[in-house]
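Worksheet: one structure, shown below.
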Amino acid sequence: MSNDMDTDENSSEEGVDISEETPDSSAGADEEVFPDSAPDDGTDDVDERTIDDLGSDVEVTADVADDVDEDDLLGGLQIDSTSEIEVPDRLVDQVIGQEHARDVVMKAAKQRRHVMMIGSPGTGKSMLAKAMSELLPKEELQDVLVYHNPNDGNNPKVRTVPGGKGEQIVEAHKEEARKRNQMRSFLMWIIIAIVLGYSLIIAGQILLGILAAGVIYLAFRYGSRGGDAMIPNLIVNNADGAAAPFQDATGAHAGALLGDVRHDPFQSGGMETPSHDRVEPGAIHKANKGVLFIDEINTLDIRSQQHLMTAIQEGEFSITGQSERSSGAMVQTEPVPTDFIMIAAGNLDAMENMHPALRSRIKGYGYEVYMDDTIEDTPEMRRKYARFVAQEVKKDGRLPEYSAEAIEEVILEARRRAGRKGHLTLELRNLGGLVRVSGDIARAEDADVVTRAHVLQAKGRSRSIEQQLADDYIERRKDYELQVADGYQVGRVNGLAVMGEDSGIMMPVMAEVTPSQGPGEVIATGKLQEIAMEAVQNVSAIIKKFSDEDISQKDIHIQFVQSYEGVEGDSASVTVATAVISALENVGVDQSLAMTGSLSVRGDVLPVGGVTHKIEAAAKSGCSKVIIPQSNMQDVMIEEEYEEMVEIIPVSHISEVLDVALEGEPEKDSLVDRLKSITGSAFTQEQVSGPSSPSPQ
């Protein structure tokens with residue numbers, strides 16, 4: 001590098017013998033070395049194997065049946081507990097699922113490319129980033145030294161040397177400084193002795209001699225500080241690195257990310273700390289030749305993102321004080337190497353607040369990958385999930401082993417949390433929480449192994465805050481009789497909603513039709529968000545087409561009862577339509593029934609999310625029947641305890657909803673027939689081709 005100090009120049013200026021250093025060490029820092037260009041030392045085949053055999057390609061090491069039953073929850077594993085499953089030592093071999101992301105990481109590690117991972121929390125972004133650091137060669141690692149610049153103290157010099165050499169250089173400088181100090185001290189005490197002897201024996205002025213000795217002592221001590229300033233500051237030390245550096249800079253402030261220079265309150269008078277000794281490296285410098293991982297990349301301020309963009313583009317970045325009011329702001333080092341691979345991660349909203357130029361740098365020099373939330377449920381993947389349980393037990397180090405039945409229950413929960421039939425969730429962090437809670441319960445009972453009963457107990461204890469709130473709402477509404485689970489009422493329907501991601505709640509919807517003082521309108525209350533309000537407008541289109549009465553002079557009032565947190569989606573469309581039609585026709589609605597579903601302007605019932613949790617909420621609330629979209633039947637995976645408590649009724653059209661929900665045979669039949677005649681073409685087509693809308697709302 002052009003900013004490196006020449007070895008011979010250092011030797012002559014400092015008087016330190018560092019001839020063991022490689023003369024071309026500084027030149028090597030400028031060259032980007034790829035794994036393919038490494039010396040042929042017979043390790044190429046090994047490196048190739050370790051990269052290609054990572055993650056989901058690594059088979060589970062345990063006894064597997066020759067003929068695997070597709071319904072076997074363990075995927076054919078013939079084990080009694082997790083103690084019989086071998087856990088891979090390398091983190092890279094523990095990756096489960098994320099086939100596409102795994103392939104991208106493999107290619108990025110080979111070619112030293114940046115990667116941006118977008119996906120839900122807990123899907124393995126940080127694990128894949130750490131796995132990439134294991135794939136990078138260790139022999140490229142470098143130490144970074146900062147030297148005093150005799151020409152400009154505020155512009156320290158920077159030098160890179162092979163990993164492990166930095167400590168040797170610093171020790172050599174310290175040893176030389178120690179020898180110089182010893183010589184100075186020896187000379188100082190000789191001079192002081194001479195001065196004291198002269199003043200006492202010859203001049204007879206002992207006080208004058210003591211004063212002169214003090215001046216000499218201070219002069220020597222003051223002069224020795226210049227020698228100490230010649231010791232370099234080792235800011236990046238990779239001597240003990242077992243693999244390429246991995247730096248997690250998530251949430252780091254500017255100084256921690258970009259480096260900083262400490263403030264010096266003593267800036268003159270010989271008491272100041274040399275500027276190069278106050279230099280602190282940032283995560284971008286420590287990650288040189290390794291991986292820099294930043295989760296929630298959009299939370300970095302714009303200035304930091306701009307500097308990060310420069311470090312990626314230039315491969316080097318100077319360190320300066322981050323506080324404008326600090327003396328460190330006057331110091332700026334020569335450029336420090338920042339040849340790292342960046343792994344940026346975040347949720348879907350991360351792309352909105354991310355600096356577009358930074359994203360362009362990552363995309364232009366690397367890959368973008370979306371992390372899967374679920375994976376297909378196959379015997380092979382069930383074996384991987386059994387290994388996942390064994391990995392969590394080993395990682396924690398304090399949990400009992402899991403029995404085969406307990407592993408099966410965890411896999412069933414992985415199915416349930418996926419929300420899709422034939423899939424398993426890949427939000428493994430939350431699933432790992434269930435494993436640890438189950439183990440804690442078993443450990444508290446001094447059990448030798450974790451059983452299925454422990455897992456079932458843990459599922460109750462490890463409920464999310466949203467689920468605990470939902471259960472509390474249900475109990476309170478029962479106390480105050482706000483929930484009705486029998487009889488018929490006009491204009492009142494039990495709707496179903498989801499709080500968070502895994503918590504269902506029953507939310508009554510009421511409708512009333514009143515004379516209008518002006519043009520008729522639809523008035524909805526309950527803190528409706530934009531999508532929910534649009535859904536109400538879509539329902540009003542069906543009402544206008546359906547009603548025989550002139551509703552232009554009527555107001556339709558719709559109330560979402562006790563929706564303190566607001567309503568975001570359109571899954572209450574069917575509920576709203578049923579409540580309004582009931583109010584218009586003065587026909588009662590079955591209160592033992594709850595419902596959910598989106599609704600098109602032509603009356604089609606469209607799929608929604610969270611049906612499993614909604615059905616369970618209806619069962620907890622005392623409802624005996626639940627209406628859901630026909631398309632969502634494949635997503636129903638309710639707990640066994642609720643299967644006998646509630647009847648699930650799939651529908652594909654609003655007329656089917658009314659046929660089940662409304663009271664009275666003659667009135668209901670004419671009502672349903674009238675609705676069918678209005679939306680008959682859509683309904684007939686629906687019966688032939690099945691429900692539309694392939695994606696849940």
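Every chain in the structure tokens has a letter given in the order shown (A, B, ...), and although residue numbers restart at 1 in each chain, ligands are simply numbered from 1 in the order shown.
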A:Glu663 surroundings by only C-alpha atoms, 12 Å radius, close-in-sequence under 6 positions cut, as a PyMOL selection string: chain A and resi 487-491+578+582+585-593+657+669+671-672
How would you write, as a PyMOL selection string, the set of residues in stretch 438-493 of chain A that DSSP gives as alpha helix (DSSP H)? chain A and resi 438-444+452-461+465-479
Mind writing the picked residues with N, CA, C and O atoms as a CSV table (one decimal), in the first residue's frame?
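Once everything was written out, this is result_20.csv:
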```
chain,number,residue,atom,x,y,z
A,438,SER,N,-39.3,-26.3,27.3
A,438,SER,CA,-39.6,-27.7,27.6
A,438,SER,C,-38.5,-28.4,28.4
A,438,SER,O,-38.8,-29.1,29.4
A,439,GLY,N,-37.3,-28.1,28.0
A,439,GLY,CA,-36.1,-28.6,28.7
A,439,GLY,C,-36.1,-28.1,30.1
A,439,GLY,O,-35.7,-28.8,31.1
A,440,ASP,N,-36.4,-26.8,30.3
A,440,ASP,CA,-36.4,-26.2,31.7
A,440,ASP,C,-37.4,-26.9,32.6
A,440,ASP,O,-37.2,-27.1,33.8
A,441,ILE,N,-38.6,-27.1,32.0
A,441,ILE,CA,-39.6,-27.8,32.8
A,441,ILE,C,-39.2,-29.2,33.2
A,441,ILE,O,-39.3,-29.6,34.4
A,442,ALA,N,-38.6,-29.9,32.3
A,442,ALA,CA,-38.1,-31.3,32.6
A,442,ALA,C,-37.0,-31.2,33.6
A,442,ALA,O,-36.9,-32.1,34.5
A,443,ARG,N,-36.1,-30.3,33.5
A,443,ARG,CA,-35.0,-30.1,34.4
A,443,ARG,C,-35.5,-29.8,35.8
A,443,ARG,O,-35.0,-30.3,36.8
A,444,ALA,N,-36.5,-28.9,35.9
A,444,ALA,CA,-37.1,-28.6,37.2
A,444,ALA,C,-37.7,-29.8,37.9
A,444,ALA,O,-37.7,-29.9,39.1
A,452,ARG,N,-43.2,-35.8,25.9
A,452,ARG,CA,-44.2,-35.1,25.2
A,452,ARG,C,-45.0,-34.2,26.1
A,452,ARG,O,-45.4,-33.1,25.8
A,453,ALA,N,-45.3,-34.7,27.4
A,453,ALA,CA,-46.0,-33.9,28.3
A,453,ALA,C,-45.3,-32.6,28.7
A,453,ALA,O,-46.0,-31.6,28.9
A,454,HIS,N,-44.0,-32.7,28.7
A,454,HIS,CA,-43.2,-31.5,29.0
A,454,HIS,C,-43.4,-30.5,27.9
A,454,HIS,O,-43.5,-29.3,28.1
A,455,VAL,N,-43.4,-31.0,26.6
A,455,VAL,CA,-43.5,-30.1,25.5
A,455,VAL,C,-44.9,-29.4,25.5
A,455,VAL,O,-45.1,-28.2,25.2
A,456,LEU,N,-46.0,-30.3,25.8
A,456,LEU,CA,-47.3,-29.7,25.8
A,456,LEU,C,-47.5,-28.7,26.9
A,456,LEU,O,-48.1,-27.6,26.7
A,457,GLN,N,-46.8,-28.9,28.0
A,457,GLN,CA,-46.9,-27.9,29.1
A,457,GLN,C,-46.1,-26.6,28.7
A,457,GLN,O,-46.6,-25.5,29.0
A,458,ALA,N,-45.0,-26.8,28.0
A,458,ALA,CA,-44.2,-25.7,27.5
A,458,ALA,C,-45.0,-24.8,26.5
A,458,ALA,O,-44.9,-23.6,26.5
A,459,LYS,N,-45.8,-25.4,25.7
A,459,LYS,CA,-46.6,-24.7,24.7
A,459,LYS,C,-47.6,-23.7,25.4
A,459,LYS,O,-47.9,-22.6,24.9
A,460,GLY,N,-48.1,-24.1,26.6
A,460,GLY,CA,-48.9,-23.2,27.4
A,460,GLY,C,-48.1,-22.1,28.0
A,460,GLY,O,-48.6,-21.0,28.1
A,461,ARG,N,-46.9,-22.5,28.5
A,461,ARG,CA,-46.1,-21.5,29.2
A,461,ARG,C,-45.4,-20.5,28.3
A,461,ARG,O,-45.1,-19.3,28.7
A,465,ILE,N,-47.0,-12.7,24.1
A,465,ILE,CA,-47.7,-11.7,24.8
A,465,ILE,C,-49.1,-11.5,24.2
A,465,ILE,O,-50.1,-11.3,24.8
A,466,GLU,N,-49.1,-11.5,22.8
A,466,GLU,CA,-50.4,-11.3,22.1
A,466,GLU,C,-51.4,-12.4,22.5
A,466,GLU,O,-52.6,-12.1,22.7
A,467,GLN,N,-50.9,-13.6,22.6
A,467,GLN,CA,-51.8,-14.7,22.9
A,467,GLN,C,-52.3,-14.6,24.4
A,467,GLN,O,-53.5,-14.9,24.7
A,468,GLN,N,-51.4,-14.2,25.3
A,468,GLN,CA,-51.8,-14.0,26.6
A,468,GLN,C,-52.9,-12.9,26.7
A,468,GLN,O,-53.8,-13.0,27.5
A,469,LEU,N,-52.7,-11.8,26.0
A,469,LEU,CA,-53.7,-10.7,25.9
A,469,LEU,C,-55.0,-11.2,25.4
A,469,LEU,O,-56.0,-10.9,25.9
A,470,ALA,N,-54.9,-12.0,24.3
A,470,ALA,CA,-56.1,-12.5,23.6
A,470,ALA,C,-56.9,-13.4,24.6
A,470,ALA,O,-58.1,-13.3,24.7
A,471,ASP,N,-56.2,-14.3,25.3
A,471,ASP,CA,-56.9,-15.1,26.3
A,471,ASP,C,-57.5,-14.3,27.4
A,471,ASP,O,-58.6,-14.6,27.9
A,472,ASP,N,-56.8,-13.2,27.8
A,472,ASP,CA,-57.3,-12.3,28.9
A,472,ASP,C,-58.6,-11.6,28.4
A,472,ASP,O,-59.5,-11.4,29.1
A,473,TYR,N,-58.5,-11.1,27.1
A,473,TYR,CA,-59.7,-10.5,26.6
A,473,TYR,C,-60.9,-11.4,26.6
A,473,TYR,O,-62.0,-11.0,26.9
A,474,ILE,N,-60.7,-12.7,26.2
A,474,ILE,CA,-61.8,-13.6,26.1
A,474,ILE,C,-62.4,-13.9,27.5
A,474,ILE,O,-63.6,-13.9,27.6
A,475,GLU,N,-61.5,-14.0,28.5
A,475,GLU,CA,-62.0,-14.2,29.9
A,475,GLU,C,-62.8,-13.0,30.4
A,475,GLU,O,-63.9,-13.1,31.0
A,476,ARG,N,-62.3,-11.8,30.1
A,476,ARG,CA,-63.0,-10.6,30.6
A,476,ARG,C,-64.3,-10.4,29.9
A,476,ARG,O,-65.3,-10.0,30.5
A,477,ARG,N,-64.4,-10.7,28.6
A,477,ARG,CA,-65.6,-10.6,27.9
A,477,ARG,C,-66.7,-11.5,28.4
A,477,ARG,O,-67.9,-11.2,28.5
A,478,LYS,N,-66.2,-12.7,28.8
A,478,LYS,CA,-67.2,-13.7,29.4
A,478,LYS,C,-67.7,-13.1,30.7
A,478,LYS,O,-68.9,-13.3,31.1
A,479,ASP,N,-66.8,-12.5,31.5
A,479,ASP,CA,-67.2,-12.0,32.8
A,479,ASP,C,-68.3,-10.9,32.7
A,479,ASP,O,-69.2,-10.8,33.5
```
Within 12 Å of A:Ile210 using only C-alpha atoms, minus same-chain residues under 3 positions, as a list in words: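 Here the qualifying residues turn out to be Ile192, Ala193, Ile194, Val195, Leu196, Gly197, Tyr198, Ser199, Leu200, Gly204, Gln205, Ile206, Leu207, Ala213, Gly214, Val215, Ile216 and Tyr217 of chain A.
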What's the 9 Å shell around A:Pro88, counting only C-alpha atoms, without same-chain residues fewer than 5 positions away, as a list in words?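 Counting only the stated atoms, we get Val58, Val60, Thr61, Asp93, Gln94 and Gln391 of chain A.
Distance check against A:Gln78 using only C-alpha atoms: of A:Ser403, A:Ser326, A:His148, A:Pro156, the minimum falls on A:Ser403.
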Tell me, in Å to one decimal, how far atom CA of A:Gly504 is from atom CA of A:Val605. 19.9 Å
DSSP strand (DSSP E) residues within stretch 88-288 of chain A, as a VMD selection string: chain A and resid 114 to 118 142 to 147 157 to 162 233 to 236 246 to 248 260 to 261 279 to 280
I need the chosen residues saved as an mmCIF file, in the first residue's frame, with N, CA, C and O atoms.
```cif
data_model
loop_
_atom_site.group_PDB
_atom_site.id
_atom_site.type_symbol
_atom_site.label_atom_id
_atom_site.label_comp_id
_atom_site.auth_asym_id
_atom_site.auth_seq_id
_atom_site.Cartn_x
_atom_site.Cartn_y
_atom_site.Cartn_z
ATOM 1 N N HIS A 114 -20.889 -9.474 -1.725
ATOM 2 C CA HIS A 114 -21.770 -9.008 -0.665
ATOM 3 C C HIS A 114 -23.147 -9.653 -0.823
ATOM 4 O O HIS A 114 -23.550 -10.038 -1.923
ATOM 5 N N VAL A 115 -23.884 -9.745 0.274
ATOM 6 C CA VAL A 115 -25.202 -10.375 0.261
ATOM 7 C C VAL A 115 -26.158 -9.539 1.103
ATOM 8 O O VAL A 115 -25.797 -9.066 2.185
ATOM 9 N N MET A 116 -27.376 -9.350 0.607
ATOM 10 C CA MET A 116 -28.443 -8.755 1.412
ATOM 11 C C MET A 116 -29.526 -9.805 1.603
ATOM 12 O O MET A 116 -30.054 -10.361 0.624
ATOM 13 N N MET A 117 -29.851 -10.121 2.865
ATOM 14 C CA MET A 117 -30.858 -11.124 3.202
ATOM 15 C C MET A 117 -32.084 -10.412 3.776
ATOM 16 O O MET A 117 -31.971 -9.677 4.748
ATOM 17 N N ILE A 118 -33.223 -10.657 3.182
ATOM 18 C CA ILE A 118 -34.475 -10.062 3.638
ATOM 19 C C ILE A 118 -35.424 -11.199 4.022
ATOM 20 O O ILE A 118 -35.607 -12.151 3.263
ATOM 21 N N GLN A 142 -4.941 -10.193 8.332
ATOM 22 C CA GLN A 142 -3.918 -9.171 8.493
ATOM 23 C C GLN A 142 -4.067 -8.469 9.834
ATOM 24 O O GLN A 142 -5.174 -8.351 10.368
ATOM 25 N N ASP A 143 -2.940 -8.036 10.380
ATOM 26 C CA ASP A 143 -2.927 -7.143 11.535
ATOM 27 C C ASP A 143 -2.728 -5.715 11.033
ATOM 28 O O ASP A 143 -2.073 -5.490 10.006
ATOM 29 N N VAL A 144 -3.281 -4.766 11.758
ATOM 30 C CA VAL A 144 -3.163 -3.348 11.375
ATOM 31 C C VAL A 144 -2.504 -2.587 12.516
ATOM 32 O O VAL A 144 -2.945 -2.659 13.664
ATOM 33 N N LEU A 145 -1.436 -1.867 12.183
ATOM 34 C CA LEU A 145 -0.679 -1.068 13.149
ATOM 35 C C LEU A 145 -0.804 0.404 12.794
ATOM 36 O O LEU A 145 -0.806 0.774 11.615
ATOM 37 N N VAL A 146 -0.900 1.243 13.824
ATOM 38 C CA VAL A 146 -0.931 2.693 13.623
ATOM 39 C C VAL A 146 0.318 3.282 14.274
ATOM 40 O O VAL A 146 0.596 3.028 15.451
ATOM 41 N N TYR A 147 1.095 4.043 13.478
ATOM 42 C CA TYR A 147 2.368 4.612 13.928
ATOM 43 C C TYR A 147 2.253 6.125 14.099
ATOM 44 O O TYR A 147 1.443 6.782 13.435
ATOM 45 N N LYS A 157 0.334 7.251 10.706
ATOM 46 C CA LYS A 157 0.571 6.348 9.599
ATOM 47 C C LYS A 157 -0.035 4.974 9.906
ATOM 48 O O LYS A 157 -0.138 4.571 11.066
ATOM 49 N N VAL A 158 -0.403 4.266 8.861
ATOM 50 C CA VAL A 158 -1.039 2.951 8.993
ATOM 51 C C VAL A 158 -0.220 1.929 8.240
ATOM 52 O O VAL A 158 0.271 2.195 7.129
ATOM 53 N N ARG A 159 -0.055 0.765 8.849
ATOM 54 C CA ARG A 159 0.687 -0.310 8.204
ATOM 55 C C ARG A 159 -0.026 -1.630 8.430
ATOM 56 O O ARG A 159 -0.514 -1.896 9.526
ATOM 57 N N THR A 160 -0.115 -2.476 7.406
ATOM 58 C CA THR A 160 -0.703 -3.812 7.530
ATOM 59 C C THR A 160 0.397 -4.852 7.405
ATOM 60 O O THR A 160 1.301 -4.723 6.570
ATOM 61 N N VAL A 161 0.297 -5.874 8.237
ATOM 62 C CA VAL A 161 1.250 -6.985 8.228
ATOM 63 C C VAL A 161 0.456 -8.282 8.322
ATOM 64 O O VAL A 161 -0.712 -8.280 8.708
ATOM 65 N N PRO A 162 1.061 -9.418 7.986
ATOM 66 C CA PRO A 162 0.343 -10.693 8.108
ATOM 67 C C PRO A 162 -0.125 -10.936 9.536
ATOM 68 O O PRO A 162 0.502 -10.498 10.505
ATOM 69 N N ASN A 233 0.513 1.382 17.732
ATOM 70 C CA ASN A 233 -0.751 0.948 18.331
ATOM 71 C C ASN A 233 -1.336 -0.163 17.458
ATOM 72 O O ASN A 233 -1.655 0.060 16.290
ATOM 73 N N LEU A 234 -1.469 -1.363 18.011
ATOM 74 C CA LEU A 234 -2.031 -2.501 17.277
ATOM 75 C C LEU A 234 -3.548 -2.438 17.393
ATOM 76 O O LEU A 234 -4.128 -2.819 18.407
ATOM 77 N N ILE A 235 -4.216 -1.951 16.356
ATOM 78 C CA ILE A 235 -5.663 -1.750 16.447
ATOM 79 C C ILE A 235 -6.449 -2.960 15.948
ATOM 80 O O ILE A 235 -7.597 -3.151 16.345
ATOM 81 N N VAL A 236 -5.871 -3.779 15.084
ATOM 82 C CA VAL A 236 -6.529 -5.007 14.621
ATOM 83 C C VAL A 236 -5.542 -6.147 14.800
ATOM 84 O O VAL A 236 -4.466 -6.138 14.205
ATOM 85 N N PHE A 246 -15.520 -12.334 12.029
ATOM 86 C CA PHE A 246 -16.961 -12.102 11.907
ATOM 87 C C PHE A 246 -17.334 -11.003 12.883
ATOM 88 O O PHE A 246 -17.155 -11.145 14.088
ATOM 89 N N GLN A 247 -17.823 -9.888 12.357
ATOM 90 C CA GLN A 247 -18.196 -8.747 13.185
ATOM 91 C C GLN A 247 -19.685 -8.471 13.031
ATOM 92 O O GLN A 247 -20.172 -8.210 11.936
ATOM 93 N N ASP A 248 -20.410 -8.566 14.145
ATOM 94 C CA ASP A 248 -21.830 -8.238 14.162
ATOM 95 C C ASP A 248 -21.970 -6.779 14.579
ATOM 96 O O ASP A 248 -21.789 -6.439 15.749
ATOM 97 N N ASP A 260 -13.004 5.401 15.737
ATOM 98 C CA ASP A 260 -13.077 6.677 16.451
ATOM 99 C C ASP A 260 -11.688 7.018 16.994
ATOM 100 O O ASP A 260 -10.788 6.178 17.017
ATOM 101 N N VAL A 261 -11.530 8.249 17.427
ATOM 102 C CA VAL A 261 -10.310 8.713 18.091
ATOM 103 C C VAL A 261 -10.718 9.272 19.440
ATOM 104 O O VAL A 261 -11.527 10.212 19.509
ATOM 105 N N VAL A 279 -6.316 6.094 18.683
ATOM 106 C CA VAL A 279 -7.114 5.581 17.561
ATOM 107 C C VAL A 279 -7.787 4.270 17.950
ATOM 108 O O VAL A 279 -7.144 3.358 18.475
ATOM 109 N N GLU A 280 -9.103 4.182 17.722
ATOM 110 C CA GLU A 280 -9.871 2.971 17.999
ATOM 111 C C GLU A 280 -10.464 2.452 16.687
ATOM 112 O O GLU A 280 -11.066 3.219 15.933
#
```
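In this model, the gap between atom CA of A:Met106 and atom CA of A:Leu348 comes to 23.2 Å.
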Using only C-alpha atoms, the best pick from A:Met645, A:Leu606, A:Leu74, A:Leu662 as closest to A:Val410 would be A:Leu74
Please indicate the distance in Å from atom CA of A:Asp80 to atom CA of A:Ala404, rounded to one decimal place. 5.3 Å
As a PyMOL selection string, please: the residues near A:Lys554 (cut-off 8 Å, only C-alpha atoms, same-chain neighbours under 5 positions excluded). chain A and resi 513-516+519-521
Please produce a file of those selected residues containing C-alpha atoms, as an mmCIF file, in the first residue's frame.
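Wrote it out as again-v2.cif, contents follow:
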```
data_model
loop_
_atom_site.group_PDB
_atom_site.id
_atom_site.type_symbol
_atom_site.label_atom_id
_atom_site.label_comp_id
_atom_site.auth_asym_id
_atom_site.auth_seq_id
_atom_site.Cartn_x
_atom_site.Cartn_y
_atom_site.Cartn_z
ATOM 1 C CA VAL A 513 -79.548 0.881 9.489
ATOM 2 C CA THR A 514 -80.987 4.346 10.210
ATOM 3 C CA PRO A 515 -82.751 7.093 8.204
ATOM 4 C CA SER A 516 -80.307 9.570 6.762
ATOM 5 C CA PRO A 519 -77.326 11.275 1.069
ATOM 6 C CA GLY A 520 -76.953 7.796 2.561
ATOM 7 C CA GLU A 521 -73.508 6.644 3.556
#
```
Neighbour list for A:Ala594 as a PyMOL selection string, cut-off 10 Å, only C-alpha atoms, skip fewer than 3 positions in-chain: chain A and resi 485+493-496+506-508+575+590-591+614-615+617-619+621-628+648+661
Can you spit out the residues from that selection as a PDB file, in the first residue's frame, using C-alpha atoms?
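The new file part30.pdb reads:
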```pdb
ATOM      1  CA  ALA A 485     -72.526 -17.876  22.145  1.00  0.00           C
ATOM      2  CA  VAL A 493     -71.960 -11.290  14.072  1.00  0.00           C
ATOM      3  CA  ASN A 494     -69.010 -12.926  15.836  1.00  0.00           C
ATOM      4  CA  GLY A 495     -65.987 -12.006  13.755  1.00  0.00           C
ATOM      5  CA  LEU A 496     -62.513 -13.495  14.152  1.00  0.00           C
ATOM      6  CA  MET A 506     -63.168 -13.111  18.640  1.00  0.00           C
ATOM      7  CA  MET A 507     -64.362  -9.600  17.815  1.00  0.00           C
ATOM      8  CA  PRO A 508     -68.112  -8.902  17.523  1.00  0.00           C
ATOM      9  CA  THR A 575     -68.573 -10.654   8.883  1.00  0.00           C
ATOM     10  CA  ASP A 590     -76.778 -17.459  14.861  1.00  0.00           C
ATOM     11  CA  GLN A 591     -74.634 -16.381  17.831  1.00  0.00           C
ATOM     12  CA  LYS A 614     -58.988 -17.911  14.679  1.00  0.00           C
ATOM     13  CA  ILE A 615     -60.717 -21.289  14.942  1.00  0.00           C
ATOM     14  CA  ALA A 617     -60.165 -18.505  19.525  1.00  0.00           C
ATOM     15  CA  ALA A 618     -63.768 -19.287  18.546  1.00  0.00           C
ATOM     16  CA  ALA A 619     -63.602 -22.586  20.430  1.00  0.00           C
ATOM     17  CA  SER A 621     -65.034 -18.316  23.335  1.00  0.00           C
ATOM     18  CA  GLY A 622     -67.693 -21.024  23.358  1.00  0.00           C
ATOM     19  CA  CYS A 623     -68.727 -21.030  19.694  1.00  0.00           C
ATOM     20  CA  SER A 624     -69.655 -24.405  18.266  1.00  0.00           C
ATOM     21  CA  LYS A 625     -69.373 -23.543  14.549  1.00  0.00           C
ATOM     22  CA  VAL A 626     -66.851 -21.571  12.495  1.00  0.00           C
ATOM     23  CA  ILE A 627     -67.172 -20.423   8.876  1.00  0.00           C
ATOM     24  CA  ILE A 628     -63.896 -20.156   6.946  1.00  0.00           C
ATOM     25  CA  ILE A 648     -65.588 -26.102  10.697  1.00  0.00           C
ATOM     26  CA  ALA A 661     -75.773 -17.979   9.601  1.00  0.00           C
TER      27      ALA A 661
END
```
